[in-house]
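Participant: This is the content of data_21.txt (compact mmCIF, C-alpha atoms):
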```txt
# COMPACT_ATOMS: atom_id res chain seq x y z
CA MET V 1 20.55 7.82 -2.82
CA LYS V 2 20.53 11.54 -2.15
CA LEU V 3 19.19 11.22 1.41
CA TYR V 4 21.95 8.80 2.32
CA GLU V 5 24.67 10.94 0.71
CA GLU V 6 23.45 14.06 2.53
CA SER V 7 23.22 12.25 5.88
CA ILE V 8 26.87 11.22 5.63
CA LYS V 9 27.88 14.84 5.00
CA LEU V 10 25.89 15.92 8.06
CA GLY V 11 27.27 13.14 10.27
CA HIS V 12 23.98 11.24 10.53
CA GLU V 13 23.09 7.61 9.93
CA VAL V 14 20.10 6.40 7.94
CA TYR V 15 18.21 3.28 9.07
CA ASN V 16 15.16 1.53 7.63
CA LEU V 17 13.00 0.66 10.64
CA GLY V 18 10.38 -1.14 8.58
CA THR V 19 9.58 -4.82 8.46
CA GLY V 20 11.62 -5.52 5.34
CA LYS V 21 8.40 -6.52 3.58
CA GLY V 22 6.87 -3.97 1.26
CA ALA V 23 3.22 -2.99 1.11
CA SER V 24 1.35 -1.41 -1.77
CA VAL V 25 -0.80 1.68 -1.38
CA LEU V 26 -3.90 -0.49 -1.84
CA GLU V 27 -2.71 -2.88 0.90
CA MET V 28 -2.22 0.09 3.25
CA VAL V 29 -5.67 1.45 2.44
CA ALA V 30 -7.23 -1.99 3.08
CA ALA V 31 -5.43 -2.27 6.43
CA PHE V 32 -6.64 1.19 7.53
CA GLU V 33 -10.18 0.40 6.41
CA LYS V 34 -10.15 -2.83 8.37
CA VAL V 35 -8.90 -1.36 11.64
CA SER V 36 -10.92 1.86 11.45
CA GLY V 37 -14.16 0.38 10.17
CA LYS V 38 -14.29 3.30 7.72
CA LYS V 39 -14.35 3.26 3.93
CA ILE V 40 -11.51 5.30 2.45
CA PRO V 41 -12.48 6.94 -0.85
CA LEU V 42 -10.02 6.25 -3.65
CA VAL V 43 -9.39 7.72 -7.06
CA LEU V 44 -7.38 5.29 -9.18
CA THR V 45 -5.37 6.94 -11.91
CA VAL V 46 -2.17 6.48 -13.89
CA ARG V 47 1.22 6.72 -12.25
CA ARG V 48 2.69 10.21 -12.32
CA PRO V 49 5.91 10.86 -14.24
CA GLY V 50 8.83 10.10 -11.96
CA ASP V 51 6.86 7.89 -9.55
CA ALA V 52 8.77 4.73 -8.66
CA GLU V 53 7.02 1.48 -9.52
CA ILE V 54 8.64 -0.40 -6.65
CA VAL V 55 10.80 0.83 -3.75
CA ASN V 56 12.68 -1.63 -1.56
CA ALA V 57 14.91 -1.01 1.43
CA THR V 58 16.75 -3.49 3.59
CA THR V 59 16.50 -3.55 7.38
CA ALA V 60 19.86 -5.30 7.80
CA LYS V 61 21.72 -2.19 8.99
CA ALA V 62 19.20 -1.52 11.79
CA GLU V 63 19.23 -5.18 12.81
CA LYS V 64 23.02 -5.33 12.89
CA GLU V 65 23.92 -1.94 14.37
CA LEU V 66 20.89 -1.22 16.55
CA LYS V 67 19.87 -4.81 17.32
CA TRP V 68 16.37 -3.66 16.32
CA LYS V 69 13.76 -5.56 14.33
CA ALA V 70 10.12 -4.66 13.68
CA LYS V 71 7.76 -7.10 15.37
CA TYR V 72 4.39 -5.84 14.14
CA ARG V 73 2.65 -6.32 10.82
CA ILE V 74 1.15 -3.53 8.72
CA GLU V 75 -2.36 -4.13 10.10
CA GLU V 76 -1.13 -3.89 13.71
CA MET V 77 0.78 -0.69 12.93
CA CYS V 78 -2.29 0.83 11.27
CA ARG V 79 -4.42 -0.14 14.28
CA ASP V 80 -2.03 1.53 16.69
CA LEU V 81 -1.86 4.65 14.53
CA TRP V 82 -5.68 4.76 14.29
CA ASN V 83 -6.04 4.38 18.06
```
Would you put the structure from the file into structure tokens?
Facilitator:
Amino acid sequence: MKLYEESIKLGHEVYNLGTGKGASVLEMVAAFEKVSGKKIPLVLTVRRPGDAEIVNATTAKAEKELKWKAKYRIEEMCRDLWN
């Protein structure tokens, strides 16, 4: 966890402000297509060397220390970003 180690050295905290529920690239593309009404062109290919298959991060630290919890789903977040 290089980012986390470096943030400690710099006196910063790292928080995951996500929902705690992962989304695949294809799920993100589908959400953006739905809210934008636009087709997003895709090129499906093999995973690149070094690409992580799955990445998970807990939101517990943000919930505990910041009393913060995401209240919107991926589709709602994509809609707001699109708007």
Participant: Near V:Asn56, within 9 Å and counting all atoms listed in the file, which residues show up once chain neighbours fewer than 4 positions away are dropped, as a list in words?
Facilitator: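 Using all atoms listed in the file, the neighbours found are Gly20, Lys21 and Gly22 of chain V.
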Participant: Just want the 12 Å neighbourhood of V:Gly18, counted on only C-alpha atoms, with same-chain residues fewer than 5 positions away dropped. Output as a list in words.
Facilitator: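 After dropping sequence-adjacent residues, the list is Ala23, Asn56, Ala57, Thr58, Thr59, Ala60, Lys61, Ala62, Glu63, Trp68, Lys69, Ala70, Lys71, Tyr72, Arg73, Ile74 and Met77 of chain V.
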Participant: Nearest to V:Glu75 among V:Ala52, V:Lys39, V:Val46, V:Glu33, with distances taken over all atoms listed in the file: which residue is it?
Facilitator: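 The closest residue to V:Glu75 is V:Glu33.
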Participant: Please compute the atom CA of V:Cys78-atom CA of V:Ala30 distance, one decimal, in Å.
Facilitator: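 Going from atom CA of V:Cys78 over to atom CA of V:Ala30 covers 10.0 Å.
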Participant: If you measure from atom CA of V:Arg79 to atom CA of V:Lys38, what distance in Å do you get, rounded to one decimal?
Facilitator: 12.3 Å
Participant: Could you tell me which of V:Glu76, V:Val29, V:Lys64, V:Leu81 comes closest to V:Tyr15 if we count all atoms listed in the file?
Facilitator: V:Lys64
Participant: Would you please work out which residue, of V:Glu53, V:Leu10, V:Gly37, V:Val43, is nearest to V:Ser24 when using all atoms listed in the file?
Facilitator: V:Glu53
Participant: Between atom CA of V:Leu26 and atom CA of V:Asp80, what is the distance in Å, rounded to a tenth?
Facilitator: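 Going from atom CA of V:Leu26 over to atom CA of V:Asp80 covers 18.7 Å.
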Participant: Please write out, as JSON, where the centre of an axis-aligned box around all listed atoms of stretch 56-75 of chain V lies and how long its edges are, in Å to one decimal, after adding 6 Å on each side.
Facilitator:
```
{"center_x": 10.8, "center_y": -4.1, "center_z": 7.9, "size_x": 38.3, "size_y": 18.1, "size_z": 30.9}
```
Participant: Could you give me, as an MDAnalysis selection string, the residues that have an atom at most 8 Å away from the point (-12.5, 2.1, 15.6) in the coordinates of the file, using only C-alpha atoms?
Facilitator: chainID V and resid 35:37 82:83
Participant: For C-alpha atoms, I'd like the residues from the last selection saved as a PDB file, in the frame of the given file.
Facilitator:
```pdb
ATOM      1  CA  VAL V  35      -8.900  -1.360  11.640  1.00  0.00           C
ATOM      2  CA  SER V  36     -10.920   1.860  11.450  1.00  0.00           C
ATOM      3  CA  GLY V  37     -14.160   0.380  10.170  1.00  0.00           C
ATOM      4  CA  TRP V  82      -5.680   4.760  14.290  1.00  0.00           C
ATOM      5  CA  ASN V  83      -6.040   4.380  18.060  1.00  0.00           C
TER       6      ASN V  83
END
```
Participant: Restricting the calculation to all atoms listed in the file, which member of V:Lys67, V:Val25, V:Leu17, V:Lys9 is positioned closest to V:Leu44?
Facilitator: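 Selected residue with least distance to V:Leu44: V:Val25.
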Participant: Would you mind writing stretch 40-73 of chain V with N, CA and C atoms, as a JSON list (two decimals), in the frame of the given file?
Facilitator:
```
[["chain", "number", "residue", "atom", "x", "y", "z"],
["V", 40, "ILE", "N", -12.39, 4.23, 2.91],
["V", 40, "ILE", "CA", -11.51, 5.30, 2.45],
["V", 40, "ILE", "C", -11.77, 5.51, 0.96],
["V", 41, "PRO", "N", -12.21, 6.70, 0.58],
["V", 41, "PRO", "CA", -12.48, 6.94, -0.85],
["V", 41, "PRO", "C", -11.19, 6.97, -1.66],
["V", 42, "LEU", "N", -11.21, 6.33, -2.79],
["V", 42, "LEU", "CA", -10.02, 6.25, -3.65],
["V", 42, "LEU", "C", -10.33, 6.79, -5.03],
["V", 43, "VAL", "N", -9.33, 7.35, -5.65],
["V", 43, "VAL", "CA", -9.39, 7.72, -7.06],
["V", 43, "VAL", "C", -8.19, 7.04, -7.71],
["V", 44, "LEU", "N", -8.46, 6.01, -8.49],
["V", 44, "LEU", "CA", -7.38, 5.29, -9.18],
["V", 44, "LEU", "C", -7.08, 6.01, -10.48],
["V", 45, "THR", "N", -5.79, 6.22, -10.72],
["V", 45, "THR", "CA", -5.37, 6.94, -11.91],
["V", 45, "THR", "C", -4.01, 6.39, -12.35],
["V", 46, "VAL", "N", -3.47, 6.94, -13.38],
["V", 46, "VAL", "CA", -2.17, 6.48, -13.89],
["V", 46, "VAL", "C", -1.06, 7.00, -12.99],
["V", 47, "ARG", "N", 0.04, 6.31, -13.02],
["V", 47, "ARG", "CA", 1.22, 6.72, -12.25],
["V", 47, "ARG", "C", 1.72, 8.05, -12.80],
["V", 48, "ARG", "N", 2.15, 8.92, -11.91],
["V", 48, "ARG", "CA", 2.69, 10.21, -12.32],
["V", 48, "ARG", "C", 4.11, 10.05, -12.85],
["V", 49, "PRO", "N", 4.53, 10.93, -13.75],
["V", 49, "PRO", "CA", 5.91, 10.86, -14.24],
["V", 49, "PRO", "C", 6.89, 10.97, -13.06],
["V", 50, "GLY", "N", 7.84, 10.07, -13.02],
["V", 50, "GLY", "CA", 8.83, 10.10, -11.96],
["V", 50, "GLY", "C", 8.49, 9.23, -10.76],
["V", 51, "ASP", "N", 7.23, 8.78, -10.65],
["V", 51, "ASP", "CA", 6.86, 7.89, -9.55],
["V", 51, "ASP", "C", 7.56, 6.54, -9.72],
["V", 52, "ALA", "N", 8.11, 6.04, -8.63],
["V", 52, "ALA", "CA", 8.77, 4.73, -8.66],
["V", 52, "ALA", "C", 7.71, 3.64, -8.69],
["V", 53, "GLU", "N", 7.95, 2.61, -9.47],
["V", 53, "GLU", "CA", 7.02, 1.48, -9.52],
["V", 53, "GLU", "C", 7.14, 0.64, -8.26],
["V", 54, "ILE", "N", 8.37, 0.40, -7.85],
["V", 54, "ILE", "CA", 8.64, -0.40, -6.65],
["V", 54, "ILE", "C", 9.81, 0.26, -5.91],
["V", 55, "VAL", "N", 9.71, 0.32, -4.58],
["V", 55, "VAL", "CA", 10.80, 0.83, -3.75],
["V", 55, "VAL", "C", 11.07, -0.20, -2.68],
["V", 56, "ASN", "N", 12.29, -0.65, -2.57],
["V", 56, "ASN", "CA", 12.68, -1.63, -1.56],
["V", 56, "ASN", "C", 13.82, -1.07, -0.72],
["V", 57, "ALA", "N", 13.81, -1.42, 0.54],
["V", 57, "ALA", "CA", 14.91, -1.01, 1.43],
["V", 57, "ALA", "C", 15.16, -2.15, 2.41],
["V", 58, "THR", "N", 16.39, -2.41, 2.67],
["V", 58, "THR", "CA", 16.75, -3.49, 3.59],
["V", 58, "THR", "C", 16.76, -2.99, 5.04],
["V", 59, "THR", "N", 16.47, -3.88, 5.95],
["V", 59, "THR", "CA", 16.50, -3.55, 7.38],
["V", 59, "THR", "C", 17.76, -4.08, 8.04],
["V", 60, "ALA", "N", 18.67, -4.64, 7.26],
["V", 60, "ALA", "CA", 19.86, -5.30, 7.80],
["V", 60, "ALA", "C", 20.72, -4.37, 8.65],
["V", 61, "LYS", "N", 20.87, -3.12, 8.24],
["V", 61, "LYS", "CA", 21.72, -2.19, 8.99],
["V", 61, "LYS", "C", 21.15, -1.94, 10.39],
["V", 62, "ALA", "N", 19.84, -1.74, 10.49],
["V", 62, "ALA", "CA", 19.20, -1.52, 11.79],
["V", 62, "ALA", "C", 19.32, -2.77, 12.67],
["V", 63, "GLU", "N", 19.12, -3.93, 12.05],
["V", 63, "GLU", "CA", 19.23, -5.18, 12.81],
["V", 63, "GLU", "C", 20.64, -5.39, 13.33],
["V", 64, "LYS", "N", 21.63, -5.10, 12.50],
["V", 64, "LYS", "CA", 23.02, -5.33, 12.89],
["V", 64, "LYS", "C", 23.53, -4.28, 13.88],
["V", 65, "GLU", "N", 23.32, -3.00, 13.56],
["V", 65, "GLU", "CA", 23.92, -1.94, 14.37],
["V", 65, "GLU", "C", 23.08, -1.56, 15.59],
["V", 66, "LEU", "N", 21.77, -1.62, 15.45],
["V", 66, "LEU", "CA", 20.89, -1.22, 16.55],
["V", 66, "LEU", "C", 20.29, -2.40, 17.31],
["V", 67, "LYS", "N", 20.50, -3.60, 16.75],
["V", 67, "LYS", "CA", 19.87, -4.81, 17.32],
["V", 67, "LYS", "C", 18.36, -4.61, 17.41],
["V", 68, "TRP", "N", 17.79, -4.01, 16.35],
["V", 68, "TRP", "CA", 16.37, -3.66, 16.32],
["V", 68, "TRP", "C", 15.69, -4.34, 15.14],
["V", 69, "LYS", "N", 14.53, -4.91, 15.39],
["V", 69, "LYS", "CA", 13.76, -5.56, 14.33],
["V", 69, "LYS", "C", 12.28, -5.31, 14.59],
["V", 70, "ALA", "N", 11.56, -4.91, 13.55],
["V", 70, "ALA", "CA", 10.12, -4.66, 13.68],
["V", 70, "ALA", "C", 9.43, -5.97, 14.05],
["V", 71, "LYS", "N", 8.46, -5.89, 14.96],
["V", 71, "LYS", "CA", 7.76, -7.10, 15.37],
["V", 71, "LYS", "C", 6.28, -7.06, 15.06],
["V", 72, "TYR", "N", 5.81, -5.96, 14.47],
["V", 72, "TYR", "CA", 4.39, -5.84, 14.14],
["V", 72, "TYR", "C", 4.18, -5.82, 12.64],
["V", 73, "ARG", "N", 3.02, -6.32, 12.23],
["V", 73, "ARG", "CA", 2.65, -6.32, 10.82],
["V", 73, "ARG", "C", 1.98, -5.00, 10.47]]
```
